Amino acid sequence: MENRHKQQIKEKFSKQLMHKKIFVLDIPDDYQYMDDELIELLQLAMQPYLKV
């Protein structure tokens, strides 16, 4: 998700997002569904946010 996506989500779902955080991972929207490179980028970017 990029910042423009975050803004679109906030505009569309402002009530539902009250008191919730949205994290922007700065991964460009250039990948196909289930692209191996995308999956790897997501796993690396999400590590700091996941409690394991």
# chains A, B, ... in the order shown; residues from 1 in each chain; ligands from 1
call {"tool": "select_by_dssp", "arguments": {"residues": "chain A", "states": "helix (DSSP H, G or I)", "output": "number ranges by chain"}}
result
A: 3-12, 36-49
call {"tool": "residues_around", "arguments": {"residues": "Asp29 (chain A)", "least_positions_apart": "2", "cutoff": "9 Å", "atoms": "only C-alpha atoms", "output": "list of chain:residue names"}}
result
A:Met1, A:Glu2, A:Ile27, A:Tyr31, A:Gln32
call {"tool": "residues_around", "arguments": {"residues": "Gln43 (chain A)", "least_positions_apart": "6", "cutoff": "12 Å", "atoms": "only C-alpha atoms", "output": "PyMOL selection string"}}
result
chain A and resi 25+27+36-37+49-50
call {"tool": "write_last_selection", "arguments": {"atoms": "N, CA and C atoms", "output": "compact mmCIF listing (two decimals), in the first residue's frame"}}
result
# COMPACT_ATOMS: atom_id res chain seq x y z
N LEU A 25 3.36 0.36 3.91
CA LEU A 25 4.60 -0.41 3.76
C LEU A 25 5.46 0.09 2.61
N ILE A 27 5.28 -0.34 -0.57
CA ILE A 27 5.54 -1.34 -1.61
C ILE A 27 4.73 -0.91 -2.82
N ASP A 36 5.94 -14.02 -6.31
CA ASP A 36 6.91 -14.47 -5.30
C ASP A 36 7.69 -13.30 -4.71
N GLU A 37 8.08 -12.36 -5.54
CA GLU A 37 8.83 -11.20 -5.05
C GLU A 37 7.97 -10.35 -4.12
N TYR A 49 5.81 -5.67 12.70
CA TYR A 49 4.45 -5.48 13.19
C TYR A 49 3.81 -6.76 13.73
N LEU A 50 4.41 -7.88 13.46
CA LEU A 50 3.84 -9.15 13.87
C LEU A 50 4.48 -9.65 15.16
call {"tool": "residues_around", "arguments": {"residues": "Arg4 (chain A)", "least_positions_apart": "5", "cutoff": "10 Å", "atoms": "only C-alpha atoms", "output": "number ranges by chain"}}
result
A: 9-10, 24
call {"tool": "atom_distance", "arguments": {"atom1": "CA of Lys6 (chain A)", "atom2": "CA of Leu41 (chain A)"}}
result
18.4 Å
call {"tool": "atom_distance", "arguments": {"atom1": "CA of Ile39 (chain A)", "atom2": "CA of Met18 (chain A)"}}
result
28.8 Å
call {"tool": "atom_distance", "arguments": {"atom1": "CA of Gln8 (chain A)", "atom2": "CA of Phe23 (chain A)"}}
result
13.4 Å
call {"tool": "decode", "arguments": {"residues": "region 21-32 of chain A", "atoms": "all heavy atoms", "output": "compact mmCIF listing (two decimals), in the first residue's frame"}}
result
# COMPACT_ATOMS: atom_id res chain seq x y z
N LYS A 21 -4.92 2.07 13.63
CA LYS A 21 -3.73 2.49 12.89
C LYS A 21 -3.74 1.86 11.50
O LYS A 21 -4.19 0.73 11.32
CB LYS A 21 -2.46 2.03 13.61
CG LYS A 21 -2.21 2.73 14.91
CD LYS A 21 -0.92 2.25 15.51
CE LYS A 21 -0.69 2.91 16.85
NZ LYS A 21 0.56 2.46 17.47
N ILE A 22 -3.23 2.61 10.55
CA ILE A 22 -3.03 2.09 9.20
C ILE A 22 -1.54 2.20 8.92
O ILE A 22 -0.94 3.27 9.07
CB ILE A 22 -3.81 2.91 8.15
CG1 ILE A 22 -5.29 2.87 8.44
CG2 ILE A 22 -3.50 2.40 6.75
CD1 ILE A 22 -6.11 3.76 7.53
N PHE A 23 -0.95 1.11 8.53
CA PHE A 23 0.48 1.09 8.24
C PHE A 23 0.71 1.09 6.73
O PHE A 23 0.11 0.28 6.01
CB PHE A 23 1.14 -0.14 8.86
CG PHE A 23 1.08 -0.15 10.35
CD1 PHE A 23 0.07 -0.84 11.00
CD2 PHE A 23 2.02 0.53 11.09
CE1 PHE A 23 0.00 -0.84 12.39
CE2 PHE A 23 1.96 0.54 12.47
CZ PHE A 23 0.94 -0.15 13.12
N VAL A 24 1.55 1.98 6.28
CA VAL A 24 1.93 2.04 4.87
C VAL A 24 3.29 1.37 4.75
O VAL A 24 4.25 1.77 5.40
CB VAL A 24 2.00 3.49 4.37
CG1 VAL A 24 2.49 3.55 2.94
CG2 VAL A 24 0.63 4.16 4.49
N LEU A 25 3.36 0.36 3.91
CA LEU A 25 4.60 -0.41 3.76
C LEU A 25 5.46 0.09 2.61
O LEU A 25 6.56 -0.39 2.41
CB LEU A 25 4.27 -1.89 3.55
CG LEU A 25 3.45 -2.54 4.67
CD1 LEU A 25 3.11 -3.97 4.31
CD2 LEU A 25 4.20 -2.47 5.99
N ASP A 26 4.97 1.06 1.86
CA ASP A 26 5.71 1.63 0.73
C ASP A 26 6.16 0.57 -0.27
O ASP A 26 7.29 0.59 -0.75
CB ASP A 26 6.90 2.46 1.22
CG ASP A 26 6.45 3.75 1.87
OD1 ASP A 26 5.49 4.36 1.38
OD2 ASP A 26 7.07 4.15 2.86
N ILE A 27 5.28 -0.34 -0.57
CA ILE A 27 5.54 -1.34 -1.61
C ILE A 27 4.73 -0.91 -2.82
O ILE A 27 3.51 -0.78 -2.73
CB ILE A 27 5.13 -2.75 -1.15
CG1 ILE A 27 6.00 -3.18 0.04
CG2 ILE A 27 5.25 -3.74 -2.30
CD1 ILE A 27 5.62 -4.50 0.65
N PRO A 28 5.39 -0.67 -3.95
CA PRO A 28 4.66 -0.19 -5.12
C PRO A 28 3.61 -1.19 -5.59
O PRO A 28 3.73 -2.39 -5.39
CB PRO A 28 5.74 -0.05 -6.20
CG PRO A 28 7.04 -0.32 -5.56
CD PRO A 28 6.81 -0.85 -4.19
N ASP A 29 2.59 -0.67 -6.21
CA ASP A 29 1.48 -1.48 -6.69
C ASP A 29 1.79 -2.00 -8.10
O ASP A 29 1.04 -1.78 -9.04
CB ASP A 29 0.22 -0.62 -6.69
CG ASP A 29 -1.05 -1.42 -6.77
OD1 ASP A 29 -0.99 -2.63 -6.52
OD2 ASP A 29 -2.09 -0.83 -7.08
N ASP A 30 2.92 -2.69 -8.23
CA ASP A 30 3.42 -3.13 -9.54
C ASP A 30 3.45 -4.65 -9.68
O ASP A 30 4.05 -5.15 -10.62
CB ASP A 30 4.85 -2.63 -9.76
CG ASP A 30 4.96 -1.13 -9.76
OD1 ASP A 30 3.95 -0.45 -10.04
OD2 ASP A 30 6.05 -0.62 -9.45
N TYR A 31 2.85 -5.37 -8.77
CA TYR A 31 3.00 -6.82 -8.75
C TYR A 31 1.69 -7.51 -9.08
O TYR A 31 0.62 -7.00 -8.81
CB TYR A 31 3.48 -7.28 -7.37
CG TYR A 31 4.83 -6.74 -7.00
CD1 TYR A 31 4.97 -5.56 -6.29
CD2 TYR A 31 5.98 -7.40 -7.39
CE1 TYR A 31 6.22 -5.06 -5.96
CE2 TYR A 31 7.24 -6.91 -7.08
CZ TYR A 31 7.34 -5.74 -6.36
OH TYR A 31 8.58 -5.24 -6.05
N GLN A 32 1.81 -8.69 -9.62
CA GLN A 32 0.65 -9.54 -9.89
C GLN A 32 0.29 -10.29 -8.60
O GLN A 32 1.12 -10.45 -7.71
CB GLN A 32 0.96 -10.55 -11.00
CG GLN A 32 1.24 -9.91 -12.34
CD GLN A 32 0.03 -9.18 -12.89
OE1 GLN A 32 -1.08 -9.68 -12.82
NE2 GLN A 32 0.25 -7.99 -13.42
